[in-house]
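Here's the structure we're looking at; comments come further down.
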Amino acid sequence: MSGGRESGRGEVDPGAIGGGVEERETRFPSGAEECAASLVWPPAADGGAGAQEVRDARPVACVVMAHGFGATRRGGLVPFARAFAAAGFAVLMFDYRHFGDSDGSPRQLVDVSRQLEDWHAAVAYARSLAKVDPERVVLWGTSFSGGHVIAVASDDHRIAAVVSQVPHASGLATALRVPPRTALRQFASVAVDLLRAARGREPFYIPIVAPPGRLAAMTSSDALHGYAAMFAGEPWENRIAARSLLEVVRHSPTRQARRVAAPVLVQVARHDRVTPPSAARRMAQRLPNALLREYDCGHFDAYNGKWHERFLADQLEFLAPLARRRSTVSANRRP
């Protein structure tokens, strides 16, 4: 699938990314709808004026990125994208259907099968770009999407590398960490939402994050503050269709790990209260070509501060050979 369209061609927003890289808004088809995305181009290899020289050079490697449960591309992904672009990668950050600027109704609905379709559509769109080397596409996922990238790579053996940051690896392991009283309230909310869906009504929404003891998808002691901090002042919606919780329980990417051909960097936070570290370790053990890195921090520390810098440094080191590898594809292979 290709045929996406960029907006603002020739227009550069110097405040969006900075550091000599260029960001453009774009859209690409997924199913009968479209996903909104940001396309980030690296500066010129010689440090010059940048974008035009990159277009005229050989195609570059591309990192395809999307966020975790209920989040959008503006929720802490931009610093990663900026660093990848500065290291010579193109970056495609996208929002799933039903979220952010993408199509899809009802809003704020997590549907794993549709999100995996969005990933495959994003990869196809990235490969269709004349400035991207189709054999050097990287998948980058975090939290819930840290599991998605494993599932996608298990189906697509052309993927060059995968970064799986604080990943959701096992639906059962994640569900067992929910306090019993909260779990009962979640179950009731799912039942209400499914009944409303059967009647063609709007979803029954619950918060994505809330303090411990409240009804929400995530109620760990660090969830509300950590999730809000990802967005750093950007607007975000703290609500999710309650039936989305079923998707968490059903989704266990560890089952597909053995089929992944690409090298995978699995990054585990030892004090993760959202995605169990033990499940992520088991997933890493099943991957044929995994590099496991562990950090003495919590789930949301990957997005800010010193721990963010450590996660990112390991990612850049892991991906460096792909950035240096010379493309054999002509830059003019397609318009």
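Residues in the structure tokens are numbered from 1 in each chain, the chains being A, B, ... in the order shown, and ligands are numbered from 1 in the order shown.
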>> I need the residues in region 49-287 of chain A that are alpha helix (DSSP H) according to DSSP; give them as number ranges by chain.
In response: A: 51-56, 78-86, 112-128, 144-155, 171-176, 180-198, 223-231, 244-250, 277-286
Within 7 Å of region 153-167 of chain A, counting only C-alpha atoms, which residues qualify if same-chain residues fewer than 2 places away don't, as a PDB file with N, CA and C atoms, in the first residue's frame?
ATOM      1  N   GLU A 135      14.871  -1.329   2.148  1.00  0.00           N
ATOM      2  CA  GLU A 135      15.466  -2.461   2.861  1.00  0.00           C
ATOM      3  C   GLU A 135      16.059  -2.045   4.205  1.00  0.00           C
ATOM      4  N   ARG A 136      15.910  -0.774   4.560  1.00  0.00           N
ATOM      5  CA  ARG A 136      16.421  -0.301   5.851  1.00  0.00           C
ATOM      6  C   ARG A 136      15.322   0.409   6.630  1.00  0.00           C
ATOM      7  N   VAL A 137      14.218  -0.280   6.803  1.00  0.00           N
ATOM      8  CA  VAL A 137      13.109   0.249   7.603  1.00  0.00           C
ATOM      9  C   VAL A 137      13.177  -0.369   8.999  1.00  0.00           C
ATOM     10  N   VAL A 138      13.127   0.498  10.005  1.00  0.00           N
ATOM     11  CA  VAL A 138      13.209   0.114  11.414  1.00  0.00           C
ATOM     12  C   VAL A 138      11.853   0.322  12.065  1.00  0.00           C
ATOM     13  N   LEU A 139      11.432  -0.602  12.910  1.00  0.00           N
ATOM     14  CA  LEU A 139      10.226  -0.427  13.711  1.00  0.00           C
ATOM     15  C   LEU A 139      10.625   0.000  15.117  1.00  0.00           C
ATOM     16  N   TRP A 140       9.971   1.044  15.617  1.00  0.00           N
ATOM     17  CA  TRP A 140      10.216   1.546  16.971  1.00  0.00           C
ATOM     18  C   TRP A 140       8.886   1.605  17.701  1.00  0.00           C
ATOM     19  N   GLY A 141       8.781   0.853  18.790  1.00  0.00           N
ATOM     20  CA  GLY A 141       7.547   0.850  19.567  1.00  0.00           C
ATOM     21  C   GLY A 141       7.838   0.967  21.050  1.00  0.00           C
ATOM     22  N   THR A 142       6.872   1.491  21.785  1.00  0.00           N
ATOM     23  CA  THR A 142       7.034   1.679  23.214  1.00  0.00           C
ATOM     24  C   THR A 142       5.764   1.272  23.941  1.00  0.00           C
ATOM     25  N   SER A 143       5.912   0.627  25.090  1.00  0.00           N
ATOM     26  CA  SER A 143       4.780   0.191  25.904  1.00  0.00           C
ATOM     27  C   SER A 143       3.882  -0.739  25.072  1.00  0.00           C
ATOM     28  N   PHE A 144       2.615  -0.388  24.842  1.00  0.00           N
ATOM     29  CA  PHE A 144       1.724  -1.267  24.087  1.00  0.00           C
ATOM     30  C   PHE A 144       2.254  -1.496  22.672  1.00  0.00           C
ATOM     31  N   GLY A 146       5.331  -1.419  21.890  1.00  0.00           N
ATOM     32  CA  GLY A 146       6.532  -2.230  22.004  1.00  0.00           C
ATOM     33  C   GLY A 146       6.246  -3.691  21.734  1.00  0.00           C
ATOM     34  N   GLY A 147       4.996  -4.102  21.954  1.00  0.00           N
ATOM     35  CA  GLY A 147       4.543  -5.428  21.548  1.00  0.00           C
ATOM     36  C   GLY A 147       4.118  -5.465  20.103  1.00  0.00           C
ATOM     37  N   VAL A 149       5.364  -3.939  17.563  1.00  0.00           N
ATOM     38  CA  VAL A 149       6.478  -4.042  16.614  1.00  0.00           C
ATOM     39  C   VAL A 149       6.985  -5.482  16.503  1.00  0.00           C
ATOM     40  N   ILE A 150       6.831  -6.262  17.560  1.00  0.00           N
ATOM     41  CA  ILE A 150       7.199  -7.677  17.495  1.00  0.00           C
ATOM     42  C   ILE A 150       6.237  -8.420  16.569  1.00  0.00           C
ATOM     43  N   ALA A 151       4.944  -8.151  16.738  1.00  0.00           N
ATOM     44  CA  ALA A 151       3.947  -8.802  15.889  1.00  0.00           C
ATOM     45  C   ALA A 151       4.134  -8.435  14.425  1.00  0.00           C
ATOM     46  N   ALA A 169       4.251  -7.374  26.639  1.00  0.00           N
ATOM     47  CA  ALA A 169       4.615  -8.661  26.047  1.00  0.00           C
ATOM     48  C   ALA A 169       3.562  -9.737  26.261  1.00  0.00           C
ATOM     49  N   GLN A 256       4.498 -14.571  19.153  1.00  0.00           N
ATOM     50  CA  GLN A 256       5.007 -14.419  17.788  1.00  0.00           C
ATOM     51  C   GLN A 256       6.508 -14.170  17.740  1.00  0.00           C
ATOM     52  N   ALA A 257       7.140 -14.108  18.897  1.00  0.00           N
ATOM     53  CA  ALA A 257       8.541 -13.679  18.961  1.00  0.00           C
ATOM     54  C   ALA A 257       9.477 -14.574  18.165  1.00  0.00           C
ATOM     55  N   ARG A 259       9.203 -15.932  15.438  1.00  0.00           N
ATOM     56  CA  ARG A 259       9.138 -15.746  13.985  1.00  0.00           C
ATOM     57  C   ARG A 259       9.805 -14.451  13.525  1.00  0.00           C
ATOM     58  N   VAL A 260      10.370 -13.692  14.444  1.00  0.00           N
ATOM     59  CA  VAL A 260      10.986 -12.409  14.084  1.00  0.00           C
ATOM     60  C   VAL A 260      12.404 -12.650  13.572  1.00  0.00           C
ATOM     61  N   ALA A 261      12.670 -12.218  12.358  1.00  0.00           N
ATOM     62  CA  ALA A 261      13.993 -12.415  11.761  1.00  0.00           C
ATOM     63  C   ALA A 261      14.954 -11.281  12.071  1.00  0.00           C
ATOM     64  N   ALA A 262      14.444 -10.087  12.274  1.00  0.00           N
ATOM     65  CA  ALA A 262      15.294  -8.904  12.452  1.00  0.00           C
ATOM     66  C   ALA A 262      15.950  -8.887  13.832  1.00  0.00           C
ATOM     67  N   PRO A 263      17.087  -8.212  13.980  1.00  0.00           N
ATOM     68  CA  PRO A 263      17.637  -7.972  15.313  1.00  0.00           C
ATOM     69  C   PRO A 263      16.713  -7.040  16.103  1.00  0.00           C
ATOM     70  N   VAL A 264      16.558  -7.327  17.392  1.00  0.00           N
ATOM     71  CA  VAL A 264      15.618  -6.575  18.231  1.00  0.00           C
ATOM     72  C   VAL A 264      16.326  -6.093  19.489  1.00  0.00           C
ATOM     73  N   LEU A 265      16.217  -4.808  19.778  1.00  0.00           N
ATOM     74  CA  LEU A 265      16.656  -4.257  21.055  1.00  0.00           C
ATOM     75  C   LEU A 265      15.442  -4.217  21.977  1.00  0.00           C
ATOM     76  N   VAL A 266      15.481  -4.986  23.066  1.00  0.00           N
ATOM     77  CA  VAL A 266      14.407  -5.009  24.057  1.00  0.00           C
ATOM     78  C   VAL A 266      14.901  -4.257  25.289  1.00  0.00           C
ATOM     79  N   GLN A 267      14.188  -3.197  25.651  1.00  0.00           N
ATOM     80  CA  GLN A 267      14.590  -2.351  26.774  1.00  0.00           C
ATOM     81  C   GLN A 267      13.573  -2.480  27.906  1.00  0.00           C
ATOM     82  N   VAL A 268      14.053  -2.955  29.038  1.00  0.00           N
ATOM     83  CA  VAL A 268      13.185  -3.279  30.167  1.00  0.00           C
ATOM     84  C   VAL A 268      13.477  -2.346  31.338  1.00  0.00           C
ATOM     85  N   ALA A 269      12.433  -1.764  31.905  1.00  0.00           N
ATOM     86  CA  ALA A 269      12.554  -0.984  33.138  1.00  0.00           C
ATOM     87  C   ALA A 269      12.298  -1.921  34.319  1.00  0.00           C
ATOM     88  N   THR A 275       3.938  -2.463  32.466  1.00  0.00           N
ATOM     89  CA  THR A 275       4.205  -3.656  31.658  1.00  0.00           C
ATOM     90  C   THR A 275       5.224  -4.518  32.411  1.00  0.00           C
ATOM     91  N   ALA A 280       8.569  -9.198  29.631  1.00  0.00           N
ATOM     92  CA  ALA A 280       9.432  -8.665  28.572  1.00  0.00           C
ATOM     93  C   ALA A 280      10.719  -9.484  28.455  1.00  0.00           C
ATOM     94  N   HIS A 299       8.423   2.680  34.324  1.00  0.00           N
ATOM     95  CA  HIS A 299       7.895   2.660  32.964  1.00  0.00           C
ATOM     96  C   HIS A 299       8.006   4.013  32.266  1.00  0.00           C
TER      97      HIS A 299
END
> Counting only C-alpha atoms, what is within 10 Å of Arg325 (chain A), bar same-chain residues fewer than 3 positions away, as a list in words?
Replying inline: Val60, Ala61, Arg136, Ala320, Pro321, Leu322 and Thr328 of chain A
So which residues touch region 112-124 of chain A within 8 Å, counting only C-alpha atoms, skipping near sequence neighbours fewer than 4 positions away, as a PDB file with N, CA and C atoms, in the first residue's frame?
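What landed in part15.pdb:
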ATOM      1  N   MET A   1       0.847  -1.187   0.000  1.00  0.00           N
ATOM      2  CA  MET A   1       0.000   0.000   0.000  1.00  0.00           C
ATOM      3  C   MET A   1       0.877   1.231   0.000  1.00  0.00           C
ATOM      4  N   SER A   2       0.620   2.149  -0.887  1.00  0.00           N
ATOM      5  CA  SER A   2       1.359   3.405  -0.912  1.00  0.00           C
ATOM      6  C   SER A   2       0.368   4.497  -1.243  1.00  0.00           C
ATOM      7  N   PHE A  28      -1.421   8.813   5.138  1.00  0.00           N
ATOM      8  CA  PHE A  28      -1.311   7.628   4.286  1.00  0.00           C
ATOM      9  C   PHE A  28      -2.530   6.746   4.517  1.00  0.00           C
ATOM     10  N   PRO A  29      -2.941   5.963   3.504  1.00  0.00           N
ATOM     11  CA  PRO A  29      -4.140   5.140   3.640  1.00  0.00           C
ATOM     12  C   PRO A  29      -3.894   3.916   4.498  1.00  0.00           C
ATOM     13  N   SER A  30      -4.904   3.574   5.279  1.00  0.00           N
ATOM     14  CA  SER A  30      -4.922   2.311   6.024  1.00  0.00           C
ATOM     15  C   SER A  30      -6.352   1.811   5.971  1.00  0.00           C
ATOM     16  N   GLY A  31      -6.563   0.688   5.304  1.00  0.00           N
ATOM     17  CA  GLY A  31      -7.927   0.253   5.051  1.00  0.00           C
ATOM     18  C   GLY A  31      -8.640   1.285   4.198  1.00  0.00           C
ATOM     19  N   CYS A  35      -4.344   7.494   8.094  1.00  0.00           N
ATOM     20  CA  CYS A  35      -3.608   7.805   9.316  1.00  0.00           C
ATOM     21  C   CYS A  35      -2.856   9.115   9.114  1.00  0.00           C
ATOM     22  N   VAL A  64      10.154   3.923  11.669  1.00  0.00           N
ATOM     23  CA  VAL A  64       8.701   4.075  11.734  1.00  0.00           C
ATOM     24  C   VAL A  64       8.289   3.947  13.198  1.00  0.00           C
ATOM     25  N   LEU A  92       9.182   8.371  10.397  1.00  0.00           N
ATOM     26  CA  LEU A  92       7.748   8.484  10.161  1.00  0.00           C
ATOM     27  C   LEU A  92       7.044   8.183  11.468  1.00  0.00           C
ATOM     28  N   PHE A  94       3.402   8.157  13.378  1.00  0.00           N
ATOM     29  CA  PHE A  94       2.001   8.191  12.984  1.00  0.00           C
ATOM     30  C   PHE A  94       1.074   7.960  14.167  1.00  0.00           C
ATOM     31  N   TYR A  96      -2.522   6.120  15.300  1.00  0.00           N
ATOM     32  CA  TYR A  96      -3.435   5.062  14.890  1.00  0.00           C
ATOM     33  C   TYR A  96      -4.786   5.648  14.498  1.00  0.00           C
ATOM     34  N   ARG A  97      -5.497   4.920  13.680  1.00  0.00           N
ATOM     35  CA  ARG A  97      -6.893   5.281  13.448  1.00  0.00           C
ATOM     36  C   ARG A  97      -7.641   5.291  14.785  1.00  0.00           C
ATOM     37  N   SER A 128       7.601   3.334   0.098  1.00  0.00           N
ATOM     38  CA  SER A 128       7.234   3.930  -1.188  1.00  0.00           C
ATOM     39  C   SER A 128       7.920   5.261  -1.428  1.00  0.00           C
ATOM     40  N   VAL A 137      14.218  -0.280   6.803  1.00  0.00           N
ATOM     41  CA  VAL A 137      13.109   0.249   7.603  1.00  0.00           C
ATOM     42  C   VAL A 137      13.177  -0.369   8.999  1.00  0.00           C
ATOM     43  N   HIS A 148       3.479  -4.384  19.628  1.00  0.00           N
ATOM     44  CA  HIS A 148       3.047  -4.332  18.227  1.00  0.00           C
ATOM     45  C   HIS A 148       4.211  -4.552  17.268  1.00  0.00           C
ATOM     46  N   ALA A 151       4.944  -8.151  16.738  1.00  0.00           N
ATOM     47  CA  ALA A 151       3.947  -8.802  15.889  1.00  0.00           C
ATOM     48  C   ALA A 151       4.134  -8.435  14.425  1.00  0.00           C
ATOM     49  N   VAL A 152       4.412  -7.160  14.145  1.00  0.00           N
ATOM     50  CA  VAL A 152       4.584  -6.722  12.756  1.00  0.00           C
ATOM     51  C   VAL A 152       5.839  -7.338  12.147  1.00  0.00           C
ATOM     52  N   GLU A 247      -8.589  -5.710  24.621  1.00  0.00           N
ATOM     53  CA  GLU A 247      -7.487  -5.822  23.680  1.00  0.00           C
ATOM     54  C   GLU A 247      -6.158  -6.038  24.399  1.00  0.00           C
ATOM     55  N   HIS A 251      -3.895  -9.525  23.804  1.00  0.00           N
ATOM     56  CA  HIS A 251      -2.698  -9.287  22.991  1.00  0.00           C
ATOM     57  C   HIS A 251      -1.447  -9.760  23.720  1.00  0.00           C
TER      58      HIS A 251
END
>> Applying 6 Å and only C-alpha atoms, which residues near Gly171 (chain A) remain after dropping the ones on its own chain fewer than 6 positions away? List them as JSON, numbers by chain.
In response: {"A": [248, 249, 250, 251, 252]}
>> Rounded to one decimal, what separation in Å do you get between CA of Arg286 (chain A) and CA of Ala313 (chain A)?
In response: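 So the answer is 24.5 Å.
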> Any idea what the distance is between CA of Arg282 (chain A) and CA of Arg177 (chain A)?
Replying inline: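 Rounded to one decimal, the two atoms are 16.6 Å apart.
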> If we count only C-alpha atoms, what is near Ala81 (chain A) at a cut-off of 9 Å, once residues fewer than 3 positions away on the same chain are taken out, given as a count of residues only?
Replying inline: 14
Which residues of region 99-139 of chain A come within 12 Å of region 203-209 of chain A, and what is each one's closest atom pair and distance in Å (one decimal), counting only C-alpha atoms, sorted by chain and residue number, as CSV?
residue,atom,partner,partner_atom,distance
A:Ser105,CA,A:Pro203,CA,10.2
A:Pro106,CA,A:Pro203,CA,7.3
A:Arg107,CA,A:Pro203,CA,8.6
A:Gln108,CA,A:Tyr205,CA,8.5
A:Leu109,CA,A:Pro203,CA,8.5
A:Val110,CA,A:Ile208,CA,11.2
>> Among region 39-234 of chain A, which residues does DSSP mark as strand (DSSP E or B) when it is run on the backbone? Keep the chain and numbering as in the structure and answer as a PyMOL selection string.
In response: chain A and resi 39-41+60-66+90-94+132-142+161-165+205-206+209+218
With C-alpha atoms retained, could you export that selection as a short mmCIF file (atom, residue, chain, number, x, y, z; two decimals), in the first residue's frame?
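Saved as out-v5.cif:
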data_model
loop_
_atom_site.label_atom_id
_atom_site.label_comp_id
_atom_site.auth_asym_id
_atom_site.auth_seq_id
_atom_site.Cartn_x
_atom_site.Cartn_y
_atom_site.Cartn_z
CA LEU A 39 7.60 12.83 8.32
CA VAL A 40 11.02 13.95 9.56
CA TRP A 41 14.05 14.25 7.30
CA VAL A 60 18.34 6.79 3.86
CA ALA A 61 17.18 4.35 6.52
CA CYS A 62 13.78 5.13 8.06
CA VAL A 63 12.47 4.66 11.59
CA VAL A 64 8.70 4.08 11.73
CA MET A 65 7.26 5.03 15.13
CA ALA A 66 3.93 4.96 16.97
CA ALA A 90 14.27 9.59 8.16
CA VAL A 91 11.44 9.18 10.68
CA LEU A 92 7.75 8.48 10.16
CA MET A 93 5.67 9.05 13.33
CA PHE A 94 2.00 8.19 12.98
CA VAL A 132 13.86 6.00 1.86
CA ASP A 133 15.81 2.79 1.39
CA PRO A 134 13.03 0.13 1.50
CA GLU A 135 15.47 -2.46 2.86
CA ARG A 136 16.42 -0.30 5.85
CA VAL A 137 13.11 0.25 7.60
CA VAL A 138 13.21 0.11 11.41
CA LEU A 139 10.23 -0.43 13.71
CA TRP A 140 10.22 1.55 16.97
CA GLY A 141 7.55 0.85 19.57
CA THR A 142 7.03 1.68 23.21
CA ALA A 161 15.73 -3.84 12.94
CA VAL A 162 13.29 -3.39 15.83
CA VAL A 163 13.37 -1.30 19.00
CA SER A 164 10.95 -2.50 21.68
CA GLN A 165 10.95 -0.07 24.61
CA TYR A 205 -15.47 5.90 28.21
CA ILE A 206 -13.16 5.52 31.19
CA VAL A 209 -4.84 6.98 33.66
CA MET A 218 -3.81 2.36 34.25
#
>> What does the structure give for the distance between CA of Phe311 (chain A) and CA of Val21 (chain A), in Å to one decimal?
In response: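 Between these atoms lies a distance of 21.5 Å.
Ranking A:Leu224, A:Ala198, A:Met230, A:Ala210 by their shortest atom-to-atom distance to Arg243 (chain A), with only C-alpha atoms included, puts A:Ala198 first.
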> Restricting the calculation to only C-alpha atoms, which member of A:Ala126, A:Val274, A:Cys297, A:Ala183 is positioned closest to Gly213 (chain A)?
Replying inline: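 Answer, going by the shortest atom-to-atom distance: A:Ala183.
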> Within 9 Å of Tyr303 (chain A), counting only C-alpha atoms, which residues qualify if same-chain residues fewer than 3 places away don't, as an MDAnalysis selection string?
Replying inline: chainID A and resid 75:77 79:80 226 229:230 299:300 307:309 311
